[in-house]
Structure formats: C-alpha cells, structure tokens
>>> print(open('run-v5.cif').read())   # mmCIF, C-alpha atoms
data_my_file
#
loop_
_atom_site.group_PDB
_atom_site.id
_atom_site.type_symbol
_atom_site.label_atom_id
_atom_site.label_comp_id
_atom_site.auth_asym_id
_atom_site.auth_seq_id
_atom_site.Cartn_x
_atom_site.Cartn_y
_atom_site.Cartn_z
ATOM 1 C CA MET A 1 40.567 -91.671 -28.016
ATOM 2 C CA GLY A 2 37.571 -91.155 -30.289
ATOM 3 C CA LEU A 3 39.771 -91.059 -33.382
ATOM 4 C CA ILE A 4 41.496 -94.296 -32.379
ATOM 5 C CA LEU A 5 38.141 -96.043 -31.859
ATOM 6 C CA PHE A 6 36.841 -94.684 -35.161
ATOM 7 C CA ILE A 7 39.903 -96.005 -36.999
ATOM 8 C CA LEU A 8 39.553 -99.352 -35.199
ATOM 9 C CA PHE A 9 35.826 -99.739 -35.972
ATOM 10 C CA GLY A 10 36.333 -98.509 -39.531
ATOM 11 C CA SER A 11 39.204 -100.931 -40.117
ATOM 12 C CA ILE A 12 37.179 -103.831 -38.736
ATOM 13 C CA ALA A 13 34.226 -102.887 -40.950
ATOM 14 C CA ILE A 14 36.415 -102.639 -44.061
ATOM 15 C CA ILE A 15 38.328 -105.880 -43.402
ATOM 16 C CA PHE A 16 35.221 -107.932 -42.733
ATOM 17 C CA SER A 17 33.405 -106.330 -45.679
ATOM 18 C CA LEU A 18 36.241 -107.553 -47.869
ATOM 19 C CA GLY A 19 35.772 -110.964 -46.238
ATOM 20 C CA LEU A 20 32.195 -110.877 -47.517
ATOM 21 C CA ILE A 21 33.531 -110.500 -51.038
ATOM 22 C CA PHE A 22 36.327 -113.050 -50.953
ATOM 23 C CA PHE A 23 34.927 -115.940 -48.867
ATOM 24 C CA LYS A 24 33.075 -118.616 -50.822
ATOM 25 C CA ASN A 25 31.340 -120.203 -47.819
ATOM 26 C CA GLN A 26 27.983 -118.549 -47.069
ATOM 27 C CA ILE A 27 28.253 -119.163 -43.326
ATOM 28 C CA TYR A 28 31.568 -117.274 -43.262
ATOM 29 C CA ASN A 29 29.882 -114.500 -45.246
ATOM 30 C CA ALA A 30 27.090 -114.262 -42.685
ATOM 31 C CA LEU A 31 29.585 -114.155 -39.814
ATOM 32 C CA CYS A 32 31.592 -111.429 -41.593
ATOM 33 C CA LEU A 33 28.386 -109.455 -42.056
ATOM 34 C CA ILE A 34 27.601 -109.766 -38.348
ATOM 35 C CA VAL A 35 31.024 -108.353 -37.430
ATOM 36 C CA THR A 36 30.678 -105.573 -40.028
ATOM 37 C CA LEU A 37 27.252 -104.558 -38.736
ATOM 38 C CA SER A 38 28.532 -104.592 -35.157
ATOM 39 C CA ALA A 39 31.454 -102.349 -36.133
ATOM 40 C CA LEU A 40 29.009 -99.962 -37.794
ATOM 41 C CA GLY A 41 27.048 -99.920 -34.539
ATOM 42 C CA GLY A 42 30.242 -98.852 -32.790
ATOM 43 C CA ILE A 43 30.712 -96.053 -35.319
ATOM 44 C CA PHE A 44 27.151 -94.870 -34.704
ATOM 45 C CA ALA A 45 27.873 -94.840 -30.966
ATOM 46 C CA LEU A 46 30.924 -92.656 -31.614
ATOM 47 C CA LEU A 47 28.698 -90.278 -33.598
ATOM 48 C CA ASN A 48 26.485 -89.708 -30.520
ATOM 49 C CA ALA A 49 23.623 -91.730 -31.952
ATOM 50 C CA PRO A 50 23.098 -94.312 -29.183
ATOM 51 C CA PHE A 51 19.645 -95.432 -30.294
ATOM 52 C CA ILE A 52 20.777 -96.127 -33.850
ATOM 53 C CA ALA A 53 23.885 -97.909 -32.522
ATOM 54 C CA VAL A 54 21.830 -100.221 -30.317
ATOM 55 C CA VAL A 55 19.301 -100.889 -33.074
ATOM 56 C CA GLN A 56 22.143 -101.630 -35.499
ATOM 57 C CA ILE A 57 23.647 -104.212 -33.172
ATOM 58 C CA ILE A 58 20.500 -105.814 -31.731
ATOM 59 C CA ILE A 59 18.258 -105.821 -34.789
ATOM 60 C CA TYR A 60 20.635 -106.139 -37.721
ATOM 61 C CA ALA A 61 23.645 -107.960 -36.285
ATOM 62 C CA GLY A 62 21.454 -110.052 -33.996
ATOM 63 C CA ALA A 63 17.979 -110.905 -35.176
ATOM 64 C CA ILE A 64 18.210 -110.487 -38.936
ATOM 65 C CA MET A 65 21.522 -112.319 -39.193
ATOM 66 C CA VAL A 66 20.088 -115.247 -37.218
ATOM 67 C CA LEU A 67 17.404 -115.454 -39.896
ATOM 68 C CA PHE A 68 20.043 -115.283 -42.642
ATOM 69 C CA VAL A 69 22.019 -118.122 -41.073
ATOM 70 C CA PHE A 70 18.811 -120.149 -40.671
ATOM 71 C CA VAL A 71 17.908 -119.668 -44.348
ATOM 72 C CA ILE A 72 21.444 -120.483 -45.482
ATOM 73 C CA MET A 73 21.384 -123.716 -43.475
ATOM 74 C CA THR A 74 18.007 -124.795 -44.859
ATOM 75 C CA ILE A 75 18.426 -124.190 -48.604
ATOM 76 C CA ASN A 76 20.491 -126.143 -51.092
ATOM 77 C CA LEU A 77 23.416 -123.926 -52.058
ATOM 78 C CA LYS A 78 25.202 -126.475 -54.239
ATOM 79 C CA LYS A 79 23.069 -125.775 -57.322
ATOM 80 C CA GLY A 80 23.697 -122.043 -57.530
ATOM 81 C CA LEU A 81 22.033 -119.662 -59.964
ATOM 82 C CA PRO A 82 21.650 -120.437 -63.666
ATOM 83 C CA PRO A 83 23.816 -118.197 -65.926
ATOM 84 C CA GLU A 84 20.843 -116.271 -67.331
ATOM 85 C CA ARG A 85 19.848 -115.141 -63.833
ATOM 86 C CA LYS A 86 23.348 -113.890 -62.975
ATOM 87 C CA LYS A 87 23.310 -110.949 -65.424
ATOM 88 C CA TRP A 88 20.744 -108.613 -63.848
ATOM 89 C CA PRO A 89 22.173 -108.759 -60.291
ATOM 90 C CA ALA A 90 25.551 -107.610 -61.659
ATOM 91 C CA ARG A 91 23.930 -104.665 -63.418
ATOM 92 C CA LEU A 92 21.917 -103.815 -60.328
ATOM 93 C CA ALA A 93 25.077 -104.008 -58.191
ATOM 94 C CA ILE A 94 26.822 -101.521 -60.472
ATOM 95 C CA ILE A 95 23.897 -99.079 -60.267
ATOM 96 C CA ILE A 96 23.690 -99.392 -56.466
ATOM 97 C CA GLY A 97 27.470 -98.975 -56.214
ATOM 98 C CA ILE A 98 27.312 -95.724 -58.184
ATOM 99 C CA ILE A 99 24.487 -94.433 -55.976
ATOM 100 C CA LEU A 100 26.398 -95.324 -52.802
ATOM 101 C CA PHE A 101 29.529 -93.633 -54.152
ATOM 102 C CA LEU A 102 27.523 -90.457 -54.819
ATOM 103 C CA GLU A 103 26.092 -90.598 -51.285
ATOM 104 C CA LEU A 104 29.605 -90.973 -49.879
ATOM 105 C CA LEU A 105 30.786 -88.019 -51.939
ATOM 106 C CA LEU A 106 27.850 -85.939 -50.681
ATOM 107 C CA ALA A 107 28.665 -86.906 -47.069
ATOM 108 C CA ILE A 108 32.300 -85.917 -47.543
ATOM 109 C CA LEU A 109 31.276 -82.570 -49.012
ATOM 110 C CA ARG A 110 28.881 -81.992 -46.117
ATOM 111 C CA VAL A 111 31.603 -82.639 -43.538
ATOM 112 C CA GLY A 112 33.958 -80.431 -45.526
ATOM 113 C CA GLY A 113 31.742 -77.428 -44.931
ATOM 114 C CA LEU A 114 30.013 -76.982 -48.277
ATOM 115 C CA PHE A 115 26.689 -77.915 -46.726
ATOM 116 C CA PRO A 116 25.840 -76.752 -43.191
ATOM 117 C CA PRO A 117 25.184 -79.617 -40.761
ATOM 118 C CA SER A 118 21.787 -79.885 -39.123
ATOM 119 C CA ALA A 119 21.345 -77.885 -35.924
ATOM 120 C CA SER A 120 19.812 -80.573 -33.691
ATOM 121 C CA PRO A 121 21.225 -84.064 -33.134
ATOM 122 C CA ALA A 122 18.695 -86.641 -34.279
ATOM 123 C CA GLY A 123 20.297 -89.788 -32.868
ATOM 124 C CA THR A 124 18.958 -89.721 -29.319
ATOM 125 C CA PRO A 125 15.817 -91.672 -28.416
ATOM 126 C CA ALA A 126 14.064 -88.509 -27.225
ATOM 127 C CA ASN A 127 14.650 -86.688 -30.515
ATOM 128 C CA LEU A 128 13.641 -89.735 -32.567
ATOM 129 C CA GLY A 129 10.461 -90.176 -30.523
ATOM 130 C CA GLU A 130 9.589 -86.506 -30.883
ATOM 131 C CA LEU A 131 10.087 -86.670 -34.657
ATOM 132 C CA LEU A 132 8.137 -89.915 -35.019
ATOM 133 C CA PHE A 133 5.127 -88.723 -33.061
ATOM 134 C CA SER A 134 4.985 -85.180 -34.446
ATOM 135 C CA THR A 135 6.469 -84.578 -37.880
ATOM 136 C CA PHE A 136 6.391 -88.169 -39.164
ATOM 137 C CA ILE A 137 3.243 -89.479 -37.471
ATOM 138 C CA TYR A 138 1.421 -90.323 -40.723
ATOM 139 C CA PRO A 139 4.286 -92.277 -42.332
ATOM 140 C CA PHE A 140 4.834 -94.025 -38.981
ATOM 141 C CA GLU A 141 1.190 -95.101 -38.762
ATOM 142 C CA ILE A 142 1.017 -96.096 -42.432
ATOM 143 C CA THR A 143 4.117 -98.243 -41.951
ATOM 144 C CA SER A 144 2.561 -99.962 -38.943
ATOM 145 C CA VAL A 145 -0.607 -100.736 -40.939
ATOM 146 C CA LEU A 146 1.485 -102.135 -43.811
ATOM 147 C CA ILE A 147 3.463 -104.346 -41.413
ATOM 148 C CA VAL A 148 0.252 -105.713 -39.882
ATOM 149 C CA ALA A 149 -1.160 -106.351 -43.379
ATOM 150 C CA ALA A 150 2.042 -108.181 -44.362
ATOM 151 C CA LEU A 151 1.864 -110.334 -41.216
ATOM 152 C CA VAL A 152 -1.767 -111.246 -41.870
ATOM 153 C CA GLY A 153 -0.939 -112.037 -45.516
ATOM 154 C CA ALA A 154 1.990 -114.252 -44.499
ATOM 155 C CA ILE A 155 -0.206 -116.137 -42.024
ATOM 156 C CA VAL A 156 -2.960 -116.646 -44.618
ATOM 157 C CA LEU A 157 -0.493 -117.865 -47.258
ATOM 158 C CA GLY A 158 1.198 -120.136 -44.725
ATOM 159 C CA LYS A 159 -2.112 -121.689 -43.720
ATOM 160 C CA LYS A 160 -3.068 -122.314 -47.376
ATOM 161 C CA ARG A 161 0.211 -124.140 -48.015
ATOM 162 C CA ASN A 162 -0.198 -126.295 -44.926
ATOM 163 C CA GLN A 163 -3.743 -127.288 -45.885
ATOM 164 C CA GLU A 164 -2.780 -128.387 -49.415
#
>>> encode(input="run-v5.cif", output="structure tokens")
Amino acid sequence: MGLILFILFGSIAIIFSLGLIFFKNQIYNALCLIVTLSALGGIFALLNAPFIAVVQIIIYAGAIMVLFVFVIMTINLKKGLPPERKKWPARLAIIIGIILFLELLLAILRVGGLFPPSASPAGTPANLGELLFSTFIYPFEITSVLIVAALVGAIVLGKKRNQE
C-alpha cells in the first residue's frame, strides 16, 4: 500500500511540476505548485515525518501560495521582463539545477547503502522540539530575532511610504 501511495504522490508531483513549466498562465502555475506541494506533503507523511508533512501542506501549499496568487493578481504581467534581465535567471537556474541533481544523486547513494542512515527519526514533533531547544537553540533564537527585526523594518518602511 505504501509503494502504491508513493507512486501516486510522486506521479502527481511530477505531472504538476511539468505543468509549472508548460503553462503560460501564472494562475495555472500557482495552482500546479499548490498541488505539487501537497503531493510532497503526502510523500513526507509516507516517510514517517508527520510534522514536516503538515507544515508542507499548511504553510507552503496554503499560506504562501495564497500570497503568491495575491501578488500575481495585483501586478501587471503583460509587460514581462526586458531581455537584458532574462539572462542571469537562466544561468542561476542551471547552477541550481546542477546542485539539485547532485543532492538527488547523494540521496540515491545514501538509500543504496553507501552512507549509513541516521539512527533516530527526526520527523516527529517531539524529536524536532528536542533538537530545536537543545542542540539548535542559538540558531533558533537568532532566527527569531532576525524575523522580529524584519517585521519591524517592514512596518517602518510601510509607514514611511504611506506618509509620503
């Protein structure tokens, strides 16, 4: 049963990822991304990582994609990018694609037995909480301070624009 669900979720993720590439309408792209992220949440659930699965679906497929759709609906997409600004994203996409391919190759080698898997499962909320509040307490706190600083900066910049 698990293999059938994995093949189903994987097929959905691949098909809708291809939809992201081939559709020209940005709303269709956003909807394809929502389905892809939801399928990835299903794959995380199959991997016994329930917290990551729920976060994937609620945060990424839900909240962030609502913001994407809102931005797409509010900006003028008819103009497009000028040709001189289209060169560096293509180069960056190639570099990121190579990095992701190497990560995939490393994951395949790890499953194949060349690298031993980790002893403890890290996908449960209890394990994540224990790691966050013991081993990674300083990065966790630094991240929270940076998020608060970003929120204050966004509020200050927003107020300056409204006053002008």
>>> atom_distance(input="run-v5.cif", atom1="CA of Gly41 in chain A", atom2="CA of Val54 in chain A")
6.7 Å
>>> atom_distance(input="run-v5.cif", atom1="CA of Arg110 in chain A", atom2="CA of Ile94 in chain A")
24.3 Å
>>> atom_distance(input="run-v5.cif", atom1="CA of Leu151 in chain A", atom2="CA of Ile57 in chain A")
24.0 Å
>>> closest_residue(input="run-v5.cif", among="A:Gly10, A:Gly129, A:Gly97, A:Pro139", to="Phe51 in chain A", atoms="only C-alpha atoms")
A:Gly129
>>> closest_residue(input="run-v5.cif", among="A:Phe70, A:Phe16, A:Tyr28, A:Phe9", to="Leu46 in chain A", atoms="all atoms listed in the file")
A:Phe9
>>> residues_around(input="run-v5.cif", residues="Pro50 in chain A", least_positions_apart="6", cutoff="10 Å", atoms="only C-alpha atoms", output="PyMOL selection string")
chain A and resi 41-44+56+123-125
>>> closest_residue(input="run-v5.cif", among="A:Ile15, A:Leu104, A:Leu131, A:Ile27", to="Leu67 in chain A", atoms="only C-alpha atoms")
A:Ile27
>>> closest_residue(input="run-v5.cif", among="A:Ala49, A:Phe101, A:Leu106, A:Ala154", to="Ala126 in chain A", atoms="all atoms listed in the file")
A:Ala49
>>> closest_residue(input="run-v5.cif", among="A:Leu33, A:Leu40, A:Ala93, A:Met65", to="Leu8 in chain A", atoms="only C-alpha atoms")
A:Leu40
>>> residues_around(input="run-v5.cif", residues="Asn25 in chain A", least_positions_apart="3", cutoff="12 Å", atoms="all atoms listed in the file", output="ChimeraX atom specification")
/A:19-22,28-32,69,72-73,77-78
>>> decode(input="run-v5.cif", residues="range 12-65 of chain A", atoms="C-alpha atoms", output="CSV table (one decimal), in the first residue's frame")
chain,number,residue,atom,x,y,z
A,12,ILE,CA,1.1,13.8,-9.2
A,13,ALA,CA,4.2,15.8,-8.1
A,14,ILE,CA,6.0,15.1,-11.4
A,15,ILE,CA,2.9,15.8,-13.6
A,16,PHE,CA,2.0,19.1,-11.9
A,17,SER,CA,5.7,20.1,-11.8
A,18,LEU,CA,5.7,19.7,-15.6
A,19,GLY,CA,2.5,21.8,-15.7
A,20,LEU,CA,4.5,24.6,-14.0
A,21,ILE,CA,6.9,24.5,-16.9
A,22,PHE,CA,4.5,24.3,-19.8
A,23,PHE,CA,1.5,26.5,-18.7
A,24,LYS,CA,1.8,30.2,-19.7
A,25,ASN,CA,-0.9,31.5,-17.3
A,26,GLN,CA,0.6,32.4,-13.9
A,27,ILE,CA,-2.6,31.5,-12.1
A,28,TYR,CA,-2.4,27.9,-13.5
A,29,ASN,CA,1.3,27.8,-12.5
A,30,ALA,CA,0.3,28.8,-8.9
A,31,LEU,CA,-2.4,26.1,-8.8
A,32,CYS,CA,0.0,23.5,-10.2
A,33,LEU,CA,2.5,24.5,-7.5
A,34,ILE,CA,-0.1,24.1,-4.8
A,35,VAL,CA,-0.9,20.5,-6.0
A,36,THR,CA,2.8,19.7,-6.2
A,37,LEU,CA,3.5,20.9,-2.7
A,38,SER,CA,0.5,19.0,-1.4
A,39,ALA,CA,1.8,15.8,-3.1
A,40,LEU,CA,5.2,16.4,-1.5
A,41,GLY,CA,3.4,16.7,1.9
A,42,GLY,CA,1.9,13.3,1.2
A,43,ILE,CA,5.4,11.9,0.5
A,44,PHE,CA,6.7,13.3,3.7
A,45,ALA,CA,3.8,11.6,5.6
A,46,LEU,CA,4.7,8.3,4.0
A,47,LEU,CA,8.3,8.8,5.2
A,48,ASN,CA,7.0,9.0,8.8
A,49,ALA,CA,7.6,12.7,9.1
A,50,PRO,CA,4.2,13.9,10.1
A,51,PHE,CA,5.2,17.4,11.3
A,52,ILE,CA,7.1,18.2,8.1
A,53,ALA,CA,4.1,16.8,6.1
A,54,VAL,CA,1.6,19.1,7.9
A,55,VAL,CA,3.9,22.1,7.7
A,56,GLN,CA,4.4,21.4,3.9
A,57,ILE,CA,0.7,21.4,3.3
A,58,ILE,CA,-0.5,24.2,5.7
A,59,ILE,CA,2.4,26.6,5.3
A,60,TYR,CA,3.7,26.2,1.8
A,61,ALA,CA,0.6,24.9,-0.1
A,62,GLY,CA,-1.7,27.1,2.0
A,63,ALA,CA,-0.4,30.3,3.2
A,64,ILE,CA,2.5,31.1,1.0
A,65,MET,CA,0.6,30.1,-2.2
